[in-house]
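Working notes for the structure below.
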Amino acid sequence: MSDDVPAKKAPAGTVPAETFYEPLGGGRFASTPATAGPWSPDLQHGGPVAGLLGRAFERHDPVPGTRVARVTVEILSPVPVAVLDVEVRVVRPGRRVAYLEGEISHEGRPVVRAGAWRIMEAPSHLEPVVHAPAPPPRPDVTPPFGHWEDLHVHGYLAAMEWRPVHGSFGEPGPAAVWARSRIPLVAGEPDTPLVRALTLADSASGVGSQVDLGKWLIINTDMTVALHRDPVGEWLYMDASLDASPGGSALCGATMADSSGEFGRVLQTLLVDERPFA
């Protein structure tokens, strides 16, 4: 099946908006209901937030022949589904290696900060070295997402198309999934490969969670995405698992691939706490 097949439409009324963000100009964006995460319709999932920062990094003082190879997102507080301001600056300029910092704020208060390394593209004659096996085939059918009591599934989760390979969102345990967005990150423009990867990457702890999300509150404080090449195509594969320790915290890791093979990895540090209504 070609990666160029148009994104499958969800049943009428299930996709919460036609885009994640509406641009307002001057680095300002209006968040749509599609950005909402599983804990509340008023708070955003980290995927669109990371994608918005990745978009800003790519557009800020671009240098031909370079690419954003690593992004680390630090979540300072819950991000409201509201108007956001995005700013980026170059901290360490360079022709071959540059470090950028970005910030998202709401009503003047920083809610997310991020850093990115932009590096020169490797020579085209470099012999590729990839240790991960090729991903399994993508299932032909998109199953119903299902329902979790007390979790909001009508925002980001509904705006993405999910095709599980093994495991599922509703059952604790490592899992793997093919996924793509049904809507663009920003209205009126196509998503770049980096944006597609970042928009999905923050789902790692949900895909690979090994604790019952109906009983436990699991929220990542950060996310690092490192890409040794840019992904190709709309459909991306994620294989994720999570480790948690009593008296400690949780750590989620994932590999990401496309139809050609693995292209990057995700790492998240997570808070684990009892859900008060469990």
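Please note that chains go A, B, ... in the order of the structure tokens, that every chain numbers its residues from 1, and that ligands are numbered from 1 in the order shown.
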
Using only C-alpha atoms, which protein or nucleic acid residues come within 8 Å of Thr255 (chain A)? Drop anything in the same chain fewer than 6 positions from it, and give the result as a PDB file with C-alpha atoms, in the first residue's frame.
ATOM      1  CA  MET A 238       6.234   3.296  16.600  1.00  0.00           C
ATOM      2  CA  ASP A 239       7.327   0.414  18.850  1.00  0.00           C
ATOM      3  CA  ALA A 240       7.219   1.510  22.489  1.00  0.00           C
ATOM      4  CA  GLU A 262      13.975   2.766  11.452  1.00  0.00           C
ATOM      5  CA  PHE A 263      14.818   6.480  11.457  1.00  0.00           C
ATOM      6  CA  GLY A 264      14.828   7.609  15.075  1.00  0.00           C
ATOM      7  CA  ARG A 265      14.167   7.114  18.772  1.00  0.00           C
ATOM      8  CA  VAL A 266      12.069   8.639  21.523  1.00  0.00           C
TER       9      VAL A 266
END

List the neighbours of Gly94 (chain A) out to 12 Å using only C-alpha atoms; skip same-chain residues closer than 5 positions along the sequence, and give me the result as a CSV table (one decimal) with all heavy atoms, in the first residue's frame.
chain,number,residue,atom,x,y,z
A,61,ASP,N,15.8,31.1,10.7
A,61,ASP,CA,17.1,31.3,10.1
A,61,ASP,C,17.6,30.0,9.5
A,61,ASP,O,18.7,29.5,9.9
A,61,ASP,CB,18.1,31.8,11.2
A,61,ASP,CG,17.8,33.2,11.6
A,61,ASP,OD1,17.1,33.9,10.9
A,61,ASP,OD2,18.3,33.6,12.7
A,62,PRO,N,16.9,29.4,8.6
A,62,PRO,CA,17.3,28.1,8.0
A,62,PRO,C,18.7,28.2,7.3
A,62,PRO,O,19.0,29.3,6.7
A,62,PRO,CB,16.2,27.8,7.1
A,62,PRO,CG,15.6,29.1,6.7
A,62,PRO,CD,15.7,29.9,7.9
A,63,VAL,N,19.5,27.2,7.4
A,63,VAL,CA,20.8,27.1,6.7
A,63,VAL,C,20.7,26.0,5.7
A,63,VAL,O,20.5,24.8,6.1
A,63,VAL,CB,21.9,26.9,7.7
A,63,VAL,CG1,23.2,26.7,6.9
A,63,VAL,CG2,22.0,28.0,8.7
A,64,PRO,N,20.8,26.2,4.4
A,64,PRO,CA,20.8,25.2,3.4
A,64,PRO,C,21.8,24.0,3.7
A,64,PRO,O,22.9,24.3,4.1
A,64,PRO,CB,21.1,25.9,2.1
A,64,PRO,CG,20.7,27.3,2.3
A,64,PRO,CD,21.0,27.6,3.8
A,66,THR,N,21.4,21.7,6.0
A,66,THR,CA,21.3,21.3,7.4
A,66,THR,C,19.9,20.8,7.7
A,66,THR,O,19.0,21.0,7.0
A,66,THR,CB,21.7,22.4,8.4
A,66,THR,OG1,20.7,23.4,8.3
A,66,THR,CG2,23.0,23.0,8.1
A,99,TYR,N,22.8,25.3,17.7
A,99,TYR,CA,21.8,24.9,18.8
A,99,TYR,C,20.8,26.0,18.9
A,99,TYR,O,21.1,27.2,19.0
A,99,TYR,CB,22.5,24.8,20.1
A,99,TYR,CG,21.6,24.3,21.2
A,99,TYR,CD1,21.1,23.0,21.2
A,99,TYR,CD2,21.2,25.2,22.3
A,99,TYR,CE1,20.2,22.6,22.3
A,99,TYR,CE2,20.4,24.8,23.3
A,99,TYR,CZ,19.9,23.5,23.3
A,99,TYR,OH,19.0,23.1,24.2
A,100,LEU,N,19.5,25.6,18.9
A,100,LEU,CA,18.4,26.6,19.0
A,100,LEU,C,17.6,26.3,20.2
A,100,LEU,O,17.5,25.2,20.7
A,100,LEU,CB,17.5,26.5,17.8
A,100,LEU,CG,18.1,26.8,16.4
A,100,LEU,CD1,18.9,25.7,15.8
A,100,LEU,CD2,16.9,27.2,15.4
A,117,TRP,N,19.1,20.6,18.1
A,117,TRP,CA,20.4,20.6,17.4
A,117,TRP,C,20.1,20.5,15.9
A,117,TRP,O,19.4,19.6,15.5
A,117,TRP,CB,21.3,19.5,17.8
A,117,TRP,CG,22.0,19.7,19.1
A,117,TRP,CD1,21.7,19.1,20.3
A,117,TRP,CD2,23.1,20.6,19.3
A,117,TRP,NE1,22.6,19.6,21.3
A,117,TRP,CE2,23.4,20.5,20.7
A,117,TRP,CE3,23.9,21.4,18.5
A,117,TRP,CZ2,24.5,21.2,21.3
A,117,TRP,CZ3,24.9,22.1,19.1
A,117,TRP,CH2,25.2,22.0,20.5
A,118,ARG,N,20.6,21.5,15.2
A,118,ARG,CA,20.5,21.5,13.7
A,118,ARG,C,21.9,21.3,13.2
A,118,ARG,O,22.9,22.0,13.5
A,118,ARG,CB,20.0,22.9,13.2
A,118,ARG,CG,19.8,23.0,11.8
A,118,ARG,CD,19.1,24.3,11.4
A,118,ARG,NE,19.9,25.4,11.7
A,118,ARG,CZ,19.5,26.7,11.8
A,118,ARG,NH1,18.2,26.9,11.7
A,118,ARG,NH2,20.3,27.7,12.0
A,119,ILE,N,22.1,20.2,12.4
A,119,ILE,CA,23.4,19.8,12.0
A,119,ILE,C,23.5,19.6,10.5
A,119,ILE,O,22.4,19.5,9.8
A,119,ILE,CB,23.9,18.5,12.7
A,119,ILE,CG1,23.0,17.3,12.3
A,119,ILE,CG2,23.9,18.7,14.2
A,119,ILE,CD1,23.5,16.0,12.8
A,120,MET,N,24.7,19.7,9.9
A,120,MET,CA,24.9,19.5,8.5
A,120,MET,C,24.5,18.1,8.1
A,120,MET,O,24.8,17.1,8.8
A,120,MET,CB,26.3,19.8,8.2
A,120,MET,CG,26.6,19.8,6.7
A,120,MET,SD,28.4,20.3,6.3
A,120,MET,CE,29.2,18.9,7.0

Exercise for the section: Between A:Val186, A:Trp162, A:Val97, A:Glu127, single out the one closest to Phe29 (chain A), counting only C-alpha atoms. Expected result: A:Val186

Practice task
Once DSSP has gone over the backbone, tell me which residues of region 9-248 of chain A are in helix (DSSP H, G or I), as a ChimeraX atom specification.
Solution key: /A:33-35,46-59,156-159,193-201,204-207

Problem - Close residues, His60 (chain A) itself excluded, 12 Å, only C-alpha atoms, min 5 positions apart in chain, as an MDAnalysis selection string - result: chainID A and resid 27 53:55 67:68 86:91 93 98:102 116 118
